[in-house]
Every structure is written in C-alpha cells, then in structure tokens.
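Structure below is target-v5.cif: mmCIF, C-alpha atoms (C1' of nucleotides).
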```
data_target
loop_
_atom_site.label_atom_id
_atom_site.label_comp_id
_atom_site.auth_asym_id
_atom_site.auth_seq_id
_atom_site.Cartn_x
_atom_site.Cartn_y
_atom_site.Cartn_z
CA MET A 27 0.00 0.00 0.00
CA ASN A 28 1.09 3.51 -0.57
CA VAL A 29 -0.54 6.82 0.19
CA SER A 30 -1.17 7.94 -3.37
CA LYS A 31 -2.83 4.63 -4.25
CA ASP A 32 -4.96 5.04 -1.18
CA GLU A 33 -5.92 8.53 -2.28
CA ALA A 34 -6.69 7.31 -5.77
CA VAL A 35 -9.16 4.73 -4.49
CA ARG A 36 -10.78 7.30 -2.25
CA SER A 37 -11.17 9.66 -5.16
CA GLU A 38 -12.63 6.94 -7.33
CA ILE A 39 -15.22 6.11 -4.68
CA ILE A 40 -16.15 9.76 -4.32
CA TYR A 41 -16.31 10.19 -8.07
CA GLN A 42 -18.60 7.21 -8.60
CA ALA A 43 -20.69 8.10 -5.57
CA GLN A 44 -21.08 11.63 -6.85
CA LYS A 45 -22.53 10.44 -10.14
CA LEU A 46 -25.00 8.19 -8.35
CA PHE A 47 -25.99 10.75 -5.72
CA GLN A 48 -26.39 13.31 -8.46
CA GLN A 49 -28.94 11.16 -10.20
CA PHE A 50 -30.72 9.38 -7.37
CA GLY A 51 -30.03 11.34 -4.21
CA LEU A 52 -28.70 10.12 -0.89
CA LYS A 53 -31.54 7.81 0.03
CA LYS A 54 -31.97 5.98 -3.25
CA THR A 55 -28.28 5.28 -3.72
CA THR A 56 -26.99 2.16 -1.95
CA MET A 57 -23.51 1.36 -0.83
CA ASP A 58 -23.68 -1.80 -2.94
CA GLU A 59 -24.32 0.31 -6.02
CA ILE A 60 -21.44 2.63 -5.27
CA ALA A 61 -19.19 -0.39 -4.70
CA ALA A 62 -20.33 -2.00 -7.95
CA ALA A 63 -19.69 1.22 -9.85
CA CYS A 64 -16.16 1.16 -8.47
CA GLY A 65 -15.73 -2.52 -9.29
CA LYS A 66 -15.19 -3.27 -5.62
CA ALA A 67 -16.98 -5.03 -2.79
CA LYS A 68 -19.04 -3.00 -0.41
CA SER A 69 -16.94 -3.80 2.61
CA THR A 70 -13.96 -2.29 0.81
CA LEU A 71 -15.70 1.06 0.94
CA TYR A 72 -15.69 0.85 4.70
CA HIS A 73 -11.93 0.86 4.72
CA TYR A 74 -12.04 4.34 3.26
CA PHE A 75 -15.17 5.74 4.85
CA THR A 76 -16.84 4.93 8.12
CA SER A 77 -20.36 5.42 6.82
CA LYS A 78 -22.51 6.27 3.85
CA GLU A 79 -23.10 9.71 5.31
CA GLU A 80 -19.37 10.29 5.33
CA VAL A 81 -19.19 9.41 1.63
CA PHE A 82 -21.98 11.84 0.95
CA ASP A 83 -20.30 14.56 2.98
CA ALA A 84 -17.10 13.99 1.02
CA VAL A 85 -19.03 14.39 -2.22
CA ILE A 86 -20.65 17.57 -0.97
CA GLU A 87 -17.30 18.93 0.12
CA ILE A 88 -15.81 18.34 -3.32
CA GLU A 89 -18.74 20.03 -5.03
CA LEU A 90 -18.74 22.97 -2.65
CA THR A 91 -15.00 23.42 -3.05
CA LYS A 92 -15.42 23.50 -6.82
CA LEU A 93 -18.31 25.92 -6.60
CA ARG A 94 -16.50 28.20 -4.18
CA LYS A 95 -13.48 28.35 -6.46
CA ILE A 96 -15.64 29.44 -9.39
CA VAL A 97 -17.45 32.02 -7.27
CA LYS A 98 -14.23 33.34 -5.79
CA ASP A 99 -12.66 33.88 -9.21
CA LYS A 100 -15.68 35.80 -10.42
CA VAL A 101 -15.89 37.87 -7.25
CA GLU A 102 -12.24 38.86 -7.48
CA GLU A 103 -12.80 40.33 -10.92
CA GLN A 104 -15.01 42.91 -9.26
CA LYS A 105 -13.62 46.13 -7.84
CA THR A 106 -16.40 47.52 -5.65
CA ILE A 107 -18.03 45.99 -2.59
CA THR A 108 -21.45 46.04 -4.22
CA GLY A 109 -20.06 44.48 -7.38
CA LYS A 110 -18.45 41.75 -5.32
CA LEU A 111 -21.54 41.00 -3.26
CA LYS A 112 -23.85 41.03 -6.25
CA THR A 113 -21.52 38.74 -8.15
CA TYR A 114 -21.24 36.46 -5.15
CA MET A 115 -25.00 36.05 -4.87
CA ILE A 116 -25.62 35.49 -8.55
CA GLU A 117 -22.75 33.08 -9.09
CA PHE A 118 -23.41 31.05 -5.98
CA GLN A 119 -27.07 30.76 -6.84
CA LYS A 120 -26.29 29.83 -10.45
CA GLY A 121 -23.86 27.20 -9.22
CA THR A 122 -26.37 25.54 -6.92
CA LEU A 123 -28.72 25.11 -9.86
CA SER A 124 -26.15 23.12 -11.79
CA MET A 125 -25.11 20.88 -8.90
CA ALA A 126 -27.90 18.58 -7.84
CA ASN A 127 -26.31 17.61 -4.54
CA VAL A 128 -25.53 21.13 -3.49
CA TYR A 129 -28.97 22.15 -4.66
CA ARG A 130 -30.48 19.60 -2.31
CA ILE A 131 -28.54 21.01 0.62
CA VAL A 132 -29.36 24.62 -0.15
CA ASN A 133 -33.03 23.93 -0.74
CA ASN A 134 -33.47 21.36 2.01
CA VAL A 135 -34.52 18.54 -0.31
CA SER A 136 -33.97 15.51 1.85
CA TYR A 137 -35.38 12.52 3.59
CA ASP A 138 -33.52 13.20 6.82
CA LYS A 139 -34.56 16.66 7.94
CA LYS A 140 -32.19 16.88 10.85
CA ALA A 141 -29.04 15.91 8.97
CA SER A 142 -30.04 18.06 6.07
CA LYS A 143 -30.56 21.08 8.27
CA GLU A 144 -27.18 20.54 9.89
CA ARG A 145 -25.47 20.44 6.51
CA PHE A 146 -27.27 23.58 5.48
CA VAL A 147 -26.25 25.45 8.61
CA ARG A 148 -22.65 24.28 8.29
CA MET A 149 -22.52 25.45 4.68
CA MET A 150 -24.10 28.76 5.58
CA GLU A 151 -21.58 29.36 8.34
CA PHE A 152 -18.79 29.01 5.82
CA GLU A 153 -20.49 31.27 3.29
CA LYS A 154 -21.22 33.83 5.95
CA SER A 155 -17.58 34.00 6.94
CA TYR A 156 -16.60 34.43 3.30
CA VAL A 157 -19.10 37.22 2.73
CA LEU A 158 -18.02 38.79 5.98
CA ARG A 159 -14.41 38.83 4.79
CA ILE A 160 -15.47 40.56 1.60
CA MET A 161 -17.26 43.15 3.67
CA GLU A 162 -14.42 43.65 6.11
CA ASP A 163 -11.89 44.04 3.33
CA ALA A 164 -14.05 46.71 1.76
CA TYR A 165 -14.51 48.37 5.12
CA ASP A 166 -10.80 48.39 5.89
CA SER A 167 -9.96 49.91 2.53
CA GLY A 168 -12.35 52.75 3.18
CA GLU A 169 -15.50 51.70 1.37
CA CYS A 170 -18.88 51.78 3.09
CA ARG A 171 -17.92 54.09 5.92
CA SER A 172 -21.59 54.62 6.75
CA ILE A 173 -21.78 51.27 8.51
CA ASP A 174 -20.52 50.27 11.94
CA LYS A 175 -17.83 47.64 11.67
CA GLU A 176 -19.38 45.63 14.47
CA ASP A 177 -22.61 45.43 12.48
CA LEU A 178 -20.88 43.61 9.64
CA PRO A 179 -21.44 40.04 10.94
CA LEU A 180 -25.16 40.65 11.29
CA MET A 181 -25.18 42.32 7.87
CA ALA A 182 -23.52 39.29 6.32
CA GLU A 183 -26.09 37.03 7.91
CA LEU A 184 -28.97 39.22 6.80
CA LEU A 185 -27.68 39.45 3.28
CA LEU A 186 -27.43 35.68 2.88
CA ALA A 187 -30.55 34.70 4.77
CA GLY A 188 -32.55 37.44 3.12
CA PHE A 189 -31.30 36.63 -0.34
CA TYR A 190 -31.92 32.89 -0.01
CA GLY A 191 -35.25 33.43 1.65
CA THR A 192 -36.27 35.64 -1.23
CA VAL A 193 -35.03 33.32 -3.95
CA LYS A 194 -36.78 30.39 -2.30
CA TYR A 195 -40.02 32.33 -2.06
CA LEU A 196 -39.88 33.42 -5.67
CA ILE A 197 -39.12 29.92 -6.91
CA GLU A 198 -42.02 28.58 -4.85
CA LYS A 199 -44.40 31.21 -6.07
CA ASP A 200 -43.51 31.59 -9.72
CA ASP A 201 -42.65 27.98 -10.26
CA LYS A 202 -40.06 29.16 -12.72
CA TYR A 203 -36.65 30.68 -12.56
CA ASP A 204 -35.89 34.12 -13.94
CA GLN A 205 -32.22 35.02 -14.29
CA GLN A 206 -32.89 38.70 -14.84
CA LYS A 207 -35.12 39.01 -11.82
CA LEU A 208 -32.49 37.29 -9.74
CA GLU A 209 -29.92 39.85 -10.81
CA ARG A 210 -32.27 42.68 -10.01
CA ILE A 211 -32.86 41.24 -6.54
CA ALA A 212 -29.16 40.81 -5.89
CA GLU A 213 -28.67 44.37 -7.04
CA ILE A 214 -31.27 45.81 -4.71
CA PHE A 215 -30.08 43.71 -1.80
CA THR A 216 -26.50 44.79 -2.17
CA SER A 217 -26.87 48.37 -3.25
CA LYS A 218 -29.60 49.20 -0.79
CA LEU A 219 -28.29 47.18 2.10
CA PHE A 220 -24.71 48.12 1.59
CA GLU A 221 -23.97 51.16 -0.46
CA MET B 18 -84.71 30.98 10.17
CA ASN B 19 -83.37 34.43 10.03
CA VAL B 20 -80.08 35.81 8.81
CA SER B 21 -78.67 36.83 12.17
CA LYS B 22 -79.43 33.42 13.67
CA ASP B 23 -77.71 31.86 10.71
CA GLU B 24 -74.72 34.09 11.24
CA ALA B 25 -74.65 33.26 14.93
CA VAL B 26 -74.46 29.54 14.27
CA ARG B 27 -71.73 30.09 11.70
CA SER B 28 -69.76 32.11 14.20
CA GLU B 29 -70.22 29.50 16.88
CA ILE B 30 -68.89 26.80 14.57
CA ILE B 31 -65.90 28.90 13.66
CA TYR B 32 -65.29 29.77 17.29
CA GLN B 33 -65.33 26.16 18.46
CA ALA B 34 -63.33 25.02 15.45
CA GLN B 35 -60.74 27.68 16.15
CA LYS B 36 -60.17 26.43 19.66
CA LEU B 37 -59.78 22.86 18.44
CA PHE B 38 -57.55 23.72 15.48
CA GLN B 39 -55.48 25.90 17.78
CA GLN B 40 -54.75 22.96 20.02
CA PHE B 41 -54.65 20.02 17.64
CA GLY B 42 -54.14 21.41 14.17
CA LEU B 43 -56.12 20.76 11.00
CA LYS B 44 -55.37 17.09 10.67
CA LYS B 45 -56.01 15.96 14.22
CA THR B 46 -59.30 17.81 14.59
CA THR B 47 -62.35 15.95 13.31
CA MET B 48 -65.64 17.31 12.11
CA ASP B 49 -67.36 15.17 14.74
CA GLU B 50 -65.38 16.90 17.45
CA ILE B 51 -66.21 20.32 16.12
CA ALA B 52 -69.87 19.35 15.94
CA ALA B 53 -69.81 17.97 19.47
CA ALA B 54 -68.19 21.16 20.76
CA CYS B 55 -71.05 23.09 19.16
CA GLY B 56 -73.65 20.71 20.57
CA LYS B 57 -74.77 19.87 17.05
CA ALA B 58 -74.69 16.94 14.71
CA LYS B 59 -71.91 16.75 12.19
CA SER B 60 -74.22 16.91 9.23
CA THR B 61 -75.47 20.25 10.49
CA LEU B 62 -72.02 21.68 9.93
CA TYR B 63 -72.40 20.90 6.27
CA HIS B 64 -75.31 23.30 6.06
CA TYR B 65 -72.88 26.08 6.82
CA PHE B 66 -69.67 24.87 5.25
CA THR B 67 -69.07 22.64 2.29
CA SER B 68 -65.95 21.03 3.72
CA LYS B 69 -63.57 20.83 6.62
CA GLU B 70 -61.05 22.84 4.64
CA GLU B 71 -63.59 25.61 4.29
CA VAL B 72 -64.09 25.70 8.05
CA PHE B 73 -60.35 25.92 8.49
CA ASP B 74 -60.07 28.71 5.95
CA ALA B 75 -62.82 30.60 7.75
CA VAL B 76 -60.90 30.26 11.01
CA ILE B 77 -57.71 31.47 9.35
CA GLU B 78 -59.54 34.41 7.85
CA ILE B 79 -60.90 35.46 11.24
CA GLU B 80 -57.47 35.21 12.83
CA LEU B 81 -55.79 37.08 10.03
CA THR B 82 -58.40 39.80 10.11
CA LYS B 83 -57.84 40.23 13.84
CA LEU B 84 -54.09 40.24 13.43
CA ARG B 85 -54.23 42.73 10.57
CA LYS B 86 -56.36 45.07 12.60
CA ILE B 87 -53.86 45.05 15.46
CA VAL B 88 -50.96 45.57 13.08
CA LYS B 89 -52.72 48.34 11.22
CA ASP B 90 -53.45 50.29 14.41
CA LYS B 91 -49.84 50.07 15.49
CA VAL B 92 -48.55 51.03 12.07
CA GLU B 93 -50.77 54.08 11.92
CA GLU B 94 -49.24 55.41 15.11
CA GLN B 95 -45.99 55.78 13.21
CA LYS B 96 -45.14 58.87 11.21
CA THR B 97 -42.23 57.83 9.00
CA ILE B 98 -42.06 55.16 6.33
CA THR B 99 -39.27 53.36 8.14
CA GLY B 100 -41.17 53.54 11.40
CA LYS B 101 -44.24 52.10 9.70
CA LEU B 102 -42.38 49.28 7.98
CA LYS B 103 -40.40 48.35 11.05
CA THR B 104 -43.56 48.34 13.14
CA TYR B 105 -45.34 46.28 10.53
CA MET B 106 -42.67 43.58 10.57
CA ILE B 107 -42.34 43.37 14.31
CA GLU B 108 -46.06 43.39 15.05
CA PHE B 109 -46.96 40.92 12.35
CA GLN B 110 -44.23 38.57 13.47
CA LYS B 111 -45.24 38.94 17.12
CA GLY B 112 -48.84 38.23 16.17
CA THR B 113 -48.04 35.02 14.35
CA LEU B 114 -46.33 33.72 17.47
CA SER B 115 -49.51 34.10 19.49
CA MET B 116 -51.82 32.56 16.91
CA ALA B 117 -51.10 28.89 16.41
CA ASN B 118 -53.10 28.57 13.21
CA VAL B 119 -51.58 31.60 11.55
CA TYR B 120 -48.21 30.45 12.80
CA ARG B 121 -48.69 27.16 11.01
CA ILE B 122 -49.47 28.94 7.75
CA VAL B 123 -46.56 31.34 7.98
CA ASN B 124 -44.08 28.66 8.95
CA ASN B 125 -45.42 25.93 6.69
CA VAL B 126 -46.25 23.52 9.50
CA SER B 127 -48.67 21.20 7.79
CA TYR B 128 -49.50 17.74 6.65
CA ASP B 129 -50.74 18.86 3.24
CA LYS B 130 -47.85 20.66 1.59
CA LYS B 131 -49.77 21.83 -1.44
CA ALA B 132 -52.73 23.33 0.39
CA SER B 133 -50.43 24.88 2.96
CA LYS B 134 -48.28 26.50 0.31
CA GLU B 135 -51.36 27.90 -1.39
CA ARG B 136 -52.59 29.44 1.85
CA PHE B 137 -49.18 30.92 2.47
CA VAL B 138 -48.97 32.46 -0.98
CA ARG B 139 -52.49 33.85 -0.69
CA MET B 140 -51.67 35.42 2.66
CA MET B 141 -48.43 36.85 1.36
CA GLU B 142 -50.17 38.42 -1.62
CA PHE B 143 -52.44 40.29 0.74
CA GLU B 144 -49.59 41.39 2.99
CA LYS B 145 -47.57 42.48 0.01
CA SER B 146 -50.35 44.70 -1.21
CA TYR B 147 -50.67 46.23 2.24
CA VAL B 148 -46.96 46.92 2.52
CA LEU B 149 -47.00 48.27 -1.00
CA ARG B 150 -49.74 50.72 -0.05
CA ILE B 151 -47.67 51.92 2.89
CA MET B 152 -44.77 52.47 0.55
CA GLU B 153 -46.80 54.21 -2.11
CA ASP B 154 -48.41 56.54 0.42
CA ALA B 155 -44.97 57.49 1.67
CA TYR B 156 -43.74 57.94 -1.85
CA ASP B 157 -46.67 60.14 -2.84
CA SER B 158 -46.22 62.35 0.18
CA GLY B 159 -42.60 62.98 -0.75
CA GLU B 160 -40.70 60.50 1.39
CA CYS B 161 -38.11 58.20 -0.12
CA ARG B 162 -37.55 60.10 -3.32
CA SER B 163 -34.40 58.11 -4.00
CA ILE B 164 -36.43 55.13 -5.19
CA ASP B 165 -38.22 54.59 -8.50
CA LYS B 166 -41.94 54.29 -7.99
CA GLU B 167 -42.11 51.33 -10.35
CA ASP B 168 -39.61 49.50 -8.15
CA LEU B 169 -41.96 49.61 -5.18
CA PRO B 170 -43.80 46.32 -5.87
CA LEU B 171 -40.52 44.45 -6.06
CA MET B 172 -39.31 46.25 -2.95
CA ALA B 173 -42.41 45.19 -1.07
CA GLU B 174 -41.86 41.60 -2.11
CA LEU B 175 -38.20 41.71 -1.18
CA LEU B 176 -38.91 43.25 2.17
CA LEU B 177 -41.40 40.56 3.14
CA ALA B 178 -39.65 37.56 1.62
CA GLY B 179 -36.30 38.72 2.91
CA PHE B 180 -37.60 39.42 6.37
CA TYR B 181 -39.42 36.11 6.69
CA GLY B 182 -36.55 34.20 5.15
CA THR B 183 -34.24 35.76 7.71
CA VAL B 184 -36.50 35.19 10.69
CA LYS B 185 -37.00 31.57 9.66
CA TYR B 186 -33.28 31.03 9.28
CA LEU B 187 -32.50 32.57 12.64
CA ILE B 188 -35.17 30.55 14.41
CA GLU B 189 -33.86 27.38 12.77
CA LYS B 190 -30.30 28.13 13.68
CA ASP B 191 -30.60 29.56 17.17
CA ASP B 192 -33.48 27.38 18.19
CA LYS B 193 -34.74 30.27 20.27
CA TYR B 194 -36.50 33.50 19.68
CA ASP B 195 -34.89 36.83 20.47
CA GLN B 196 -37.20 39.84 20.44
CA GLN B 197 -34.38 42.35 20.46
CA LYS B 198 -32.57 40.73 17.58
CA LEU B 199 -35.82 40.68 15.64
CA GLU B 200 -36.18 44.42 16.12
CA ARG B 201 -32.61 45.00 15.05
CA ILE B 202 -33.22 42.98 11.88
CA ALA B 203 -36.41 44.84 11.08
CA GLU B 204 -34.53 48.05 11.62
CA ILE B 205 -31.72 47.18 9.26
CA PHE B 206 -34.10 45.83 6.66
CA THR B 207 -36.20 48.96 6.63
CA SER B 208 -33.65 51.65 7.17
CA LYS B 209 -31.11 50.21 4.78
CA LEU B 210 -33.55 48.99 2.17
CA PHE B 211 -35.72 52.01 2.31
CA GLU B 212 -34.29 55.15 3.81
"C1'" DA C 4 -85.73 25.70 7.03
"C1'" DA C 5 -82.80 23.73 10.37
"C1'" DC C 6 -81.48 19.73 12.16
"C1'" DC C 7 -80.36 14.81 13.23
"C1'" DG C 8 -78.99 9.75 12.90
"C1'" DA C 9 -77.73 6.40 10.10
"C1'" DC C 10 -75.07 5.33 6.21
"C1'" DT C 11 -71.13 4.94 2.80
"C1'" DA C 12 -66.99 5.39 0.51
"C1'" DA C 13 -62.65 6.51 1.17
"C1'" DT C 14 -58.78 7.29 3.82
"C1'" DT C 15 -55.92 6.30 7.97
"C1'" DT C 16 -54.08 3.52 11.25
"C1'" DA C 17 -52.32 -0.67 13.21
"C1'" DG C 18 -50.36 -5.00 12.80
"C1'" DT C 19 -47.78 -8.47 10.17
"C1'" DT C 20 -44.64 -10.28 6.84
"C1'" DT C 21 -41.16 -9.72 3.59
"C1'" DT C 22 -37.47 -7.46 1.54
"C1'" DC C 23 -33.58 -4.61 1.65
"C1'" DC C 24 -29.45 -2.56 3.08
"C1'" DA C 25 -25.84 -0.37 6.18
"C1'" DG C 26 -22.41 -2.03 8.51
"C1'" DT C 27 -19.41 -6.27 10.47
"C1'" DC C 28 -16.53 -10.31 10.31
"C1'" DC C 29 -13.31 -13.39 8.73
"C1'" DA C 30 -10.65 -15.58 5.51
"C1'" DA C 31 -7.99 -15.16 1.37
"C1'" DA C 32 -5.09 -12.58 -1.71
"C1'" DA C 33 -1.60 -9.37 -2.64
"C1'" DT D 29 0.82 -6.53 6.96
"C1'" DT D 30 -2.61 -4.34 4.17
"C1'" DT D 31 -6.35 -4.59 1.03
"C1'" DT D 32 -10.13 -7.03 -0.65
"C1'" DG D 33 -14.41 -9.73 -1.23
"C1'" DG D 34 -18.19 -12.94 0.12
"C1'" DA D 35 -21.15 -14.23 3.59
"C1'" DC D 36 -23.71 -12.70 7.42
"C1'" DT D 37 -26.70 -9.93 10.74
"C1'" DG D 38 -29.76 -6.75 12.87
"C1'" DG D 39 -32.59 -3.32 12.19
"C1'" DA D 40 -35.21 -0.48 9.27
"C1'" DA D 41 -38.21 0.23 5.51
"C1'" DA D 42 -41.56 -1.47 2.14
"C1'" DA D 43 -45.59 -4.10 0.96
"C1'" DC D 44 -49.62 -5.97 2.25
"C1'" DT D 45 -53.72 -6.75 4.94
"C1'" DA D 46 -57.44 -6.04 8.19
"C1'" DA D 47 -59.69 -2.92 11.22
"C1'" DA D 48 -61.03 1.54 12.57
"C1'" DT D 49 -61.89 6.44 11.59
"C1'" DT D 50 -63.80 9.98 9.44
"C1'" DA D 51 -65.34 13.31 5.64
"C1'" DG D 52 -69.21 13.88 3.41
"C1'" DT D 53 -74.34 12.29 1.94
"C1'" DC D 54 -79.19 11.33 2.41
"C1'" DG D 55 -83.85 10.47 3.96
"C1'" DG D 56 -86.65 11.59 7.42
"C1'" DT D 57 -88.23 14.49 11.62
"C1'" DT D 58 -89.34 18.63 14.01
#
```
I'd like the structure from this file rewritten - as structure tokens, please.
Amino acid sequence: MNVSKDEAVRSEIIYQAQKLFQQFGLKKTTMDEIAAACGKAKSTLYHYFTSKEEVFDAVIEIELTKLRKIVKDKVEEQKTITGKLKTYMIEFQKGTLSMANVYRIVNNVSYDKKASKERFVRMMEFEKSYVLRIMEDAYDSGECRSIDKEDLPLMAELLLAGFYGTVKYLIEKDDKYDQQKLERIAEIFTSKLFE
Amino acid sequence: MNVSKDEAVRSEIIYQAQKLFQQFGLKKTTMDEIAAACGKAKSTLYHYFTSKEEVFDAVIEIELTKLRKIVKDKVEEQKTITGKLKTYMIEFQKGTLSMANVYRIVNNVSYDKKASKERFVRMMEFEKSYVLRIMEDAYDSGECRSIDKEDLPLMAELLLAGFYGTVKYLIEKDDKYDQQKLERIAEIFTSKLFE
DNA sequence: AACCGACTAATTTAGTTTTCCAGTCCAAAA
DNA sequence: TTTTGGACTGGAAAACTAAATTAGTCGGTT
C-alpha cells in the first residue's frame, strides 16, 4: 500500500458516488451500487469511509469546493463591494442550480430533515464568513464608511438569509426561474443594504 | 330561520373550530369533534360549510383579520415610512407567534404541503399589497424620493420575503427566539432597504 | 328551514410479513 | 501486513392486509 494509491481509491469512490448521488439522491443510492460502480466489494468502501453519510459529505465537500473556487474567481474580478456582493449572490445561486447535490442542501430537499438542516447550517456558516471577509476588506480599505464595523457580521447574515429566503419564495411562487429578476434582486439587496 | 341566527351559528362553529384547530391542528381535529363542541350533529355543519377545509379557511380568515387590525393600528401610530415598515414587521411577526393557526401557515407547518403552500402564498399576496400601499403613500407624500416608484412592488416583495426568510433562518439556527434581535433585523431591513 | 342519525366510501391507522441494506466479520489474496 | 471480497446480521423500511376512523351524503323528523 502507498498513500497515493490510497488517495486514488478514495477519489474513485467519491467520483462514482457523486454520479450516483447526483442522479438518485442520498436515500436511493446504496452502498452496494457505489461499490459496484467502483468494481469493488461493499466492505472495501468501509476501509475508506466509516459510513454512507461520510461518503456523501465527502461528495458535498468536493462540489462545494469547486463551486466556491468558481465564485471566488468571479468575485475577485469585481472592484467595488457592491459588485463583489452582487456577483457572489448570482454566481453562488447559479452554481447551486447546476449541482444537484448542493442544490439539495441549499433547498433542504432531503429525507432526513435533521441531517439536512445541519449540513445547510454548516454550509451557511462558511459562506457567511466568506461574505463577511469581503465586507471587512471593503470596510478596511475605506468603502462603506456609513456602517458600523461591528454590524458587519449581522449584515452578512442578513444578506445571505434574506437573499436565499427571497429566492426560495420566488421559486415557490412563480414555479419558474428568472435570471434577470435574480440579478435585479441581488442588485437591490447589495446596493440598498450596503452602499 | 333568520339571517342573524344563521350568522350566529356560523360564528359559533368557527369559534369552536378555532379552539380545536389551535390545540390540535387541522389534521387531528375531526368534524365530529367540532360538531360535538357546538352541541350539534356533524351533518349540520355541512349546512354552513361545504368542507372541513372551508371551516379551516374561515378560522384562518378570522385570525388574520384580527391580526391585521392590530398591526394596522400600530402602524398608523408611526409617522415615518421606516417607522411604519419596522412596526409592521415586528407586530406581524409577534402576532403570528400568538396565533397557532396563523403560525402554522406562515411557517409551513402542515401535513398537506400543497394546500399549505397555497394558503401561504395567498396570505403573502395580501400582505404584500398592504406593505405596497404603505410604501406608495410614503412615496406620494414625498418621502423616499431616492427610489423609482415602479420598483416599489418588487421592494415590497423583497422586504417581506427577505424578512421572513431571515426570521425563519435565525429561528432554525438559534433554536430560540430573540425579540431584540428581531427588532434590530427589522430596523436594518427597513432603514437600509428604504431610507 | 334547520337539524339529526344512520349510512357509505374513502382514507388512515395498526399489525404483520417480507425485503432490503448499512455495517461487520473473517478468511484469502496481494 | 494491508487490502479485498463474500457471507452474514440486525434493524429499518416497504408491501400488504385487516380494522377503525372519518369526511361527506341522504332520507326523514321537528
């Protein structure tokens, strides 16, 4: 055994699991199926992961890491705080739509409410800290002087919760997704809340 | 028969149903129980309402009417648009906490997802139009000139969806309800979004 | 016209059996 | 020694059934 081989197998399991979770979701994908897709026996999987949930979390982590990289690159192209925040919202939202597993976390599509909620909160904590850093950077370099620095954490929370609450409501109500409206909402949220 | 007698029976049914729905919810309250509480036979109820759902909707309507009256009185005490909007949010939210049936609609606690979502959307449409009127009045009397009048409907929607999305998220996360934080959120939402 | 009791059709619940699947164990292979 | 696979297990979920509830109807009574 060597470490890189070990890593390769792990990656293969995650890769195959991702495809299956993507299509069928956490509940309707079995460990036997993941093992079969890898050409291995189920018990082999348990040498690399302690549980099915852990496999799923690994898949989610990979997807989120990918998504966050994309979002980060786009955000960094922006110069102003409002440009950054607006870009963040639009790109993150766009990304969730193209990643079924992440979509399920963000929109609480699950069979295990408790676990799903925990994943959502964990993800949100990370996003909040990222948005907060964007805000603090802007604050430190002299933008948005009209806001108290100690209000920034609450502002970050409000921005995210408000934005996702709004998107969710609009999706529920309209039953269709409107890219332009989304941009308009992100615009209002950022410019009004933050300029 | 006379009309006022008819109305009295209707009211009695709604009143008894309200108490039962309050305690047990829509699903776990039976028409037999409502009838028994009224001292009438079940079939009598069907002279006044065509279905159990209709009784429930009547109860909701009564509760919402009461709540809206309270909110309206409080809002009218306020002079400024931000004062009005902040008061609206806080009072409406406070009201939902004291009315179990309204609470269930607002927070989507239900056994019938589709019906519950419809009730929620219907309620929100009404609230949106009320908030919009507050905004338009303020606009017409010269407040908030920095906003396009045609943006007001979207602003009303954002305010409500954002506020409720945020409150929901905070309740989920904190698992407890903080009156002061709620006020701070309403404050930021209104002052930042609207001042 | 307002009401009731008895009825029905349909849904819900409760109980049982069967199937499935996450996770373990042990032996064999590498 | 480390990795793997096949067989196994316990517990949970699915499928099915029988029994009980309950929304809504109807014919008759006051």
The PyMOL selection byres ((chain B) within 9 of (chain C)) - which residues does that actually catch in the file I just gave you? List them as a short mmCIF file (atom, residue, chain, number, x, y, z; two decimals) with C-alpha atoms, in the coordinates of the input.
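Final output, selection04.cif:
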```
data_model
loop_
_atom_site.label_atom_id
_atom_site.label_comp_id
_atom_site.auth_asym_id
_atom_site.auth_seq_id
_atom_site.Cartn_x
_atom_site.Cartn_y
_atom_site.Cartn_z
CA MET B 18 -84.71 30.98 10.17
CA LYS B 57 -74.77 19.87 17.05
CA ALA B 58 -74.69 16.94 14.71
CA LYS B 59 -71.91 16.75 12.19
CA SER B 60 -74.22 16.91 9.23
CA THR B 61 -75.47 20.25 10.49
CA HIS B 64 -75.31 23.30 6.06
#
```
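Here is the contact set of chain D against chain A, at 8 Å and counting all atoms listed in the file: DT30, DT31, DT32 and DG33 of chain D.
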Excluding stretch 37-53 of chain B and any residue of its chain fewer than 3 positions from it, enumerate the residues within 12 Å of it, using only C-alpha atoms (C1' of nucleotides), and give them as a ChimeraX atom specification.
/B:26-27,29-34,56-77,80,115-122,126-129,132-133 /C:7,15 /D:49-52
What residues in chain A have any atom no more than 10 Å from chain B when counting all atoms listed in the file, and can you write them as a ChimeraX atom specification?
/A:143-144,146-147,177,180-181,183-196,198-199,207,210-211,214-221
Is it possible to get the axis-aligned box enclosing stretch 18-23 of chain C (all listed atoms, 5 Å extra per side) as AutoDock Vina command-line options, with centre and edge lengths in Å rounded to one decimal?
```
--center_x -42.0 --center_y -7.4 --center_z 7.2 --size_x 26.8 --size_y 15.7 --size_z 21.3
```
Explicit residue set for the PyMOL selection byres ((chain A and resi 159) around 12), as a ChimeraX atom specification
/A:98,107,110-111,152-158,160-166,175,178-179,181-182
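Take atom CA of B:Gln35 and atom CA of B:Ile188: the distance between them is 25.8 Å.
Between atom CA of B:Gln110 and atom CA of B:Leu199 the separation is 8.9 Å.
Comparing the minimum interatomic distances between A:Glu87 and each of A:Glu176, A:Arg171, A:Arg148, A:Tyr114, counting only C-alpha atoms, we find that A:Arg148 sits nearest.
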